[in-house]
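S.K.: Below is a structure I'd like to ask you about.
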Amino acid sequence: MPIRLFYCDHHPIPLPPGHKFPMEKYALLRGLLEADGFYQLEAAPLAGRETIELAHDPAYVRGFLEGSLDARVLRRIGFPWSESLVRRTLASVGGTLAGSRDALACGIGGNLAGGTHHAFRGEGAGFCVFNDLAVAILTLRSEGRIARAAVIDLDVHQGDGAASIFEDDPDVLTFSMHAANNFPFRKQRSKVDIALADGTGDAEYLRQLREALPAVARFRPDLVMYQSGVDVLAGDRLGRLSLSHAGLIARDEMVFRFTKASAIPVAITLGGGYGDPISRTAEAHANTFRTAAAVYAGWRAPWQAKACAT
């Protein structure tokens, strides 16, 4: 069966010339996956205010939706406010929640956006307005669909917002493996933090991940939220690690084989990726979903087809 994935690139954010956020990667990613012909792609639903307020301060939510946030707060987020930004943000959160529901029903689900792990309860940061990971976990828990959840965050940047929101919550395991010397420079306390030296490559990265994943199994979550940022790739403009594309595929395969073998539903969110050219980043993101399809649905990923042909 094809894996259903949600997208929100049809809600573009107007950005000034030279802005460093790679808005174009989302449409490029959807195009790559459409060309694969395997996935069921659907426009993400918009999350509602009450749902978002399960994870965020109502005054902050209201200020963002109404466009009345202080300029300082918007600078920390990194986007100029617009109604388009509001729609895009609500769809990004809604896509993660929908993908999480699919994960509980089918074992796996995904969002071609989200992973906005720098958003705290009362403010956003680092291109993150609302924390879709936290919203999804708290919504599903409030509905009685899950009791415990884990966040596996493999973005190059620490998932500081998620760590802060769930710091005192014993039923959520926050797992962040990131570059030690990168943003955010004031780190929060995840339940599991693995801080990597600049230039860490495939072998060391995969060794540390392999040794750390059993902590998630021991926690016995009902759901894993996978923040699958690809800014760990060598040459990423905002990263400091040195994974190859093959190493990144091996990383994703390790996570998906772990969740499948442990019978833990997994919801995939996109996270960061800031390569130049941006097509390289879009291809890396696409490989995450291709790897999921190969592990969960037996679909032959492009590199597997090539190996078979030779």
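Scheme for the structure tokens: letters A, B, ... for chains in order shown; per-chain residue numbers from 1; ligand numbers from 1 in order shown.
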Between stretch 129-165 of chain A and stretch 200-224 of chain A, at 6 Å or less, what are the per-residue closest atom pairs and their distances in Å? Count only C-alpha atoms, order by chain and rising residue number, and return it as a Markdown table.
M.R.:
| residue | atom | partner | partner_atom | distance |
| --- | --- | --- | --- | --- |
| A:Ile146 | CA | A:Asp222 | CA | 5.7 |
| A:Arg148 | CA | A:Pro221 | CA | 4.8 |
| A:Ala149 | CA | A:Pro221 | CA | 4.6 |
| A:Ala150 | CA | A:Val224 | CA | 4.8 |
| A:Val151 | CA | A:Val224 | CA | 5.7 |
S.K.: Env of A:Phe289: 10 Å cut, atoms = only C-alpha atoms, seq-sep filter 2 positions within chain, self excluded. Answer as a list of chain:residue names.
M.R.: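 Near neighbours after the sequence-gap exclusion: A:Ile3, A:Leu5, A:Leu33, A:Tyr39, A:Gly109, A:Gly110, A:Asn111, A:Leu112, A:Ser228, A:Ile249, A:Asp252, A:Ile268, A:Thr269, A:Leu270, A:Ala284, A:His285, A:Ala286, A:Asn287, A:Thr291, A:Ala292, A:Ala293, A:Ala294, A:Val295, A:Ala301.
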S.K.: What are the DSSP alpha helix (DSSP H) residues of stretch 8-117 of chain A, as a PDB file with C-alpha atoms, in the first residue's frame?
M.R.:
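Saved as part-v8.pdb:
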ATOM      1  CA  GLU A  24      11.594  26.336  -2.976  1.00  0.00           C
ATOM      2  CA  LYS A  25      12.726  22.986  -1.574  1.00  0.00           C
ATOM      3  CA  TYR A  26       9.194  22.004  -0.557  1.00  0.00           C
ATOM      4  CA  ALA A  27       7.744  22.124  -4.063  1.00  0.00           C
ATOM      5  CA  LEU A  28      10.879  20.439  -5.441  1.00  0.00           C
ATOM      6  CA  LEU A  29      10.449  17.638  -2.906  1.00  0.00           C
ATOM      7  CA  ARG A  30       6.797  17.094  -3.775  1.00  0.00           C
ATOM      8  CA  GLY A  31       7.715  16.979  -7.455  1.00  0.00           C
ATOM      9  CA  LEU A  32      10.337  14.298  -6.851  1.00  0.00           C
ATOM     10  CA  LEU A  33       7.936  12.123  -4.875  1.00  0.00           C
ATOM     11  CA  GLU A  34       5.137  12.596  -7.408  1.00  0.00           C
ATOM     12  CA  ALA A  35       7.541  11.386 -10.104  1.00  0.00           C
ATOM     13  CA  ASP A  36       8.235   8.248  -8.069  1.00  0.00           C
ATOM     14  CA  ARG A  49      -6.365  27.381  17.366  1.00  0.00           C
ATOM     15  CA  GLU A  50      -7.550  25.221  20.266  1.00  0.00           C
ATOM     16  CA  THR A  51      -5.391  22.359  19.056  1.00  0.00           C
ATOM     17  CA  ILE A  52      -2.287  24.557  18.867  1.00  0.00           C
ATOM     18  CA  PRO A  58      -2.830  31.309  24.077  1.00  0.00           C
ATOM     19  CA  ALA A  59      -1.578  34.919  24.036  1.00  0.00           C
ATOM     20  CA  TYR A  60       1.286  33.954  21.721  1.00  0.00           C
ATOM     21  CA  VAL A  61      -1.043  31.969  19.462  1.00  0.00           C
ATOM     22  CA  ARG A  62      -3.506  34.848  19.277  1.00  0.00           C
ATOM     23  CA  GLY A  63      -0.751  37.375  18.573  1.00  0.00           C
ATOM     24  CA  PHE A  64       0.584  35.338  15.678  1.00  0.00           C
ATOM     25  CA  LEU A  65      -2.797  34.594  14.131  1.00  0.00           C
ATOM     26  CA  GLU A  66      -3.848  38.254  14.376  1.00  0.00           C
ATOM     27  CA  ALA A  71       8.749  42.913  16.057  1.00  0.00           C
ATOM     28  CA  ARG A  72      11.395  41.374  18.329  1.00  0.00           C
ATOM     29  CA  VAL A  73       9.466  38.092  18.399  1.00  0.00           C
ATOM     30  CA  LEU A  74       9.150  38.058  14.610  1.00  0.00           C
ATOM     31  CA  ARG A  75      12.881  38.710  14.209  1.00  0.00           C
ATOM     32  CA  ARG A  76      13.605  35.697  16.407  1.00  0.00           C
ATOM     33  CA  ILE A  77      11.306  33.581  14.235  1.00  0.00           C
ATOM     34  CA  GLU A  83      -1.619  35.998   6.124  1.00  0.00           C
ATOM     35  CA  SER A  84       0.179  33.540   3.836  1.00  0.00           C
ATOM     36  CA  LEU A  85       2.576  32.728   6.680  1.00  0.00           C
ATOM     37  CA  VAL A  86      -0.412  32.032   8.934  1.00  0.00           C
ATOM     38  CA  ARG A  87      -1.979  29.625   6.431  1.00  0.00           C
ATOM     39  CA  ARG A  88       1.336  27.898   5.781  1.00  0.00           C
ATOM     40  CA  THR A  89       2.023  27.502   9.506  1.00  0.00           C
ATOM     41  CA  LEU A  90      -1.420  26.076  10.256  1.00  0.00           C
ATOM     42  CA  ALA A  91      -1.054  23.629   7.348  1.00  0.00           C
ATOM     43  CA  SER A  92       2.404  22.568   8.491  1.00  0.00           C
ATOM     44  CA  VAL A  93       1.091  21.739  11.959  1.00  0.00           C
ATOM     45  CA  GLY A  94      -2.033  20.135  10.516  1.00  0.00           C
ATOM     46  CA  GLY A  95       0.041  17.950   8.217  1.00  0.00           C
ATOM     47  CA  THR A  96       2.077  16.603  11.115  1.00  0.00           C
ATOM     48  CA  LEU A  97      -1.028  15.861  13.144  1.00  0.00           C
ATOM     49  CA  ALA A  98      -2.652  14.093  10.168  1.00  0.00           C
ATOM     50  CA  GLY A  99       0.530  12.136   9.500  1.00  0.00           C
ATOM     51  CA  SER A 100       0.674  11.119  13.158  1.00  0.00           C
ATOM     52  CA  ARG A 101      -2.865   9.805  12.991  1.00  0.00           C
ATOM     53  CA  ASP A 102      -1.880   7.795   9.912  1.00  0.00           C
ATOM     54  CA  ALA A 103       1.109   6.421  11.820  1.00  0.00           C
ATOM     55  CA  LEU A 104      -1.141   5.133  14.590  1.00  0.00           C
ATOM     56  CA  ALA A 105      -3.504   3.576  12.047  1.00  0.00           C
ATOM     57  CA  CYS A 106      -0.962   2.171   9.563  1.00  0.00           C
TER      58      CYS A 106
END
S.K.: Choose the residue, out of A:Arg240, A:Arg121, A:Arg290, A:His11, that has the smallest atom-to-atom separation from A:Gly273; count only C-alpha atoms.
M.R.: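 Checking each of A:Arg240, A:Arg121, A:Arg290, A:His11 against A:Gly273, counting only C-alpha atoms, the winner is A:Arg240.
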S.K.: Counting only C-alpha atoms, what is within 9 Å of stretch 159-175 of chain A, bar same-chain residues fewer than 5 positions away, as an NGL selection string?
M.R.: :A and (55-56 or 116-121 or 124-125 or 131 or 133-134 or 137 or 147-154 or 184 or 186-194 or 216 or 219 or 221 or 227)
S.K.: One number please: atom CA of A:Glu123 to atom CA of A:Trp81, in Å, one decimal.
M.R.: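 Interatomic distance here is 14.0 Å.
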S.K.: What does the distance from atom CA of A:Leu248 to atom CA of A:Ala44 come to in Å, to one decimal?
M.R.: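 Atom CA of A:Ala44 lies at a distance of 26.3 Å from atom CA of A:Leu248.
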